[in-house]
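As structure tokens, the structure follows; a few thoughts come after it.
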Amino acid sequence: LMTHVVYILNCFNGYLPNRRADCPWLYSYLERCLTFWLREVRDARRAKVSDAVASKLRALPPSKHFEVLSKLGNSADALDAIAEAADNLRGLGEPLEDSTIGEAVREALAWLLGQQEEDGFFYSPGQARDPADEYNHLHPTWTAVAALQLQRKAPGPSPRCAAWARHAQAAALEANLAKPPPPPPAVSAPDGDEEDEEEDEAPVAAPAAVPAAAATTAATKRPPRPAGAPAAAPGGGGSAAGARARSTSRGVAK
């Protein structure tokens, strides 16, 4: 639906050309999307199954359609995505020659021309063909025709389209739409059992061992042990055992 952000800015192609400066990151995203969808439809096998799939879908209840279409990958939605992306990019009015994205747009237009069938409609490979579903039956053709039109501008300047475009562009500027969205958060590992999570927790670090030289220096600074007092446990100068030993020594000294 990112293509519809562009359509809002240009009043659905009523006010062209598009302006890349309005949202540079969005047009870069649409360029990447177009190359992705073109890769999806380059598989010739997918492009030839539309009739067989359509026949199979007609024999199945609508609840089973997704199960069949999912086996075709994303190609069932490719026409709408390719047509709208190409339409938005063509609306920039930038030259299509001698550029990678220009080559992708030309490939997209050539592919769209090959999707029109004898009834005049444009169909995506593997698309469910149900005339009772008016929107999904008409939308691919609508978007394809918009992308393929040679004359990109309306027959004449429309004051209403111009007024809307100025309003939308001002709102985009106020919302700082030109600023890219923040990057997505880092993906954490899938949640496992609670026991596994506890095992994965970092262990509490043990107190650092006192270097031997430092321990020797500290020992030389301790007061002399009263006669008859039991020796403190090794390393127990700061421990509970050491405290008990010192308490005992005080009692003996008394």
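Residues are named by chain letter and number: chains run A, B, ... in the order of the structure tokens, numbers start at 1 in each chain, and ligands are numbered from 1 in the order shown.
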Task: Residues within 10 Å of segment 20-37 of chain A, only C-alpha atoms, excluding chain neighbours under 2 positions, as a ChimeraX atom specification - done: /A:2-3,5-6,9,17-18,39-42,74-75,77-86,88-89,91-92,94,100-102,104-105,107-108,169-170,172-173,176-181
Task: Which of segment 40-187 of chain A fall in helix (DSSP H, G or I), as an MDAnalysis selection string - done: chainID A and resid 40:41 44:47 50:58 62:72 75:90 100:113 134:148 159:174
Task: Surrounding residues of segment 148-150 of chain A excluding itself and chain neighbours under 3 positions, 7 Å, only C-alpha atoms, as a PyMOL selection string - done: chain A and resi 109+144-145
Task: Distance of atom CA of His137 of chain A from atom CA of Glu103 of chain A, expressed in Å to one decimal place - done: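 Calculated distance between atom CA of Glu103 of chain A and atom CA of His137 of chain A is 28.9 Å.
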- [ ] Measuring atom to atom with only C-alpha atoms, identify which of A:Cys11, A:Ala147, A:Ala186, A:Ala171 is nearest to Ala110 of chain A.
- [x] A:Ala147
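From atom CA of Arg58 of chain A back to atom CA of Ala128 of chain A, the distance works out to 8.4 Å.
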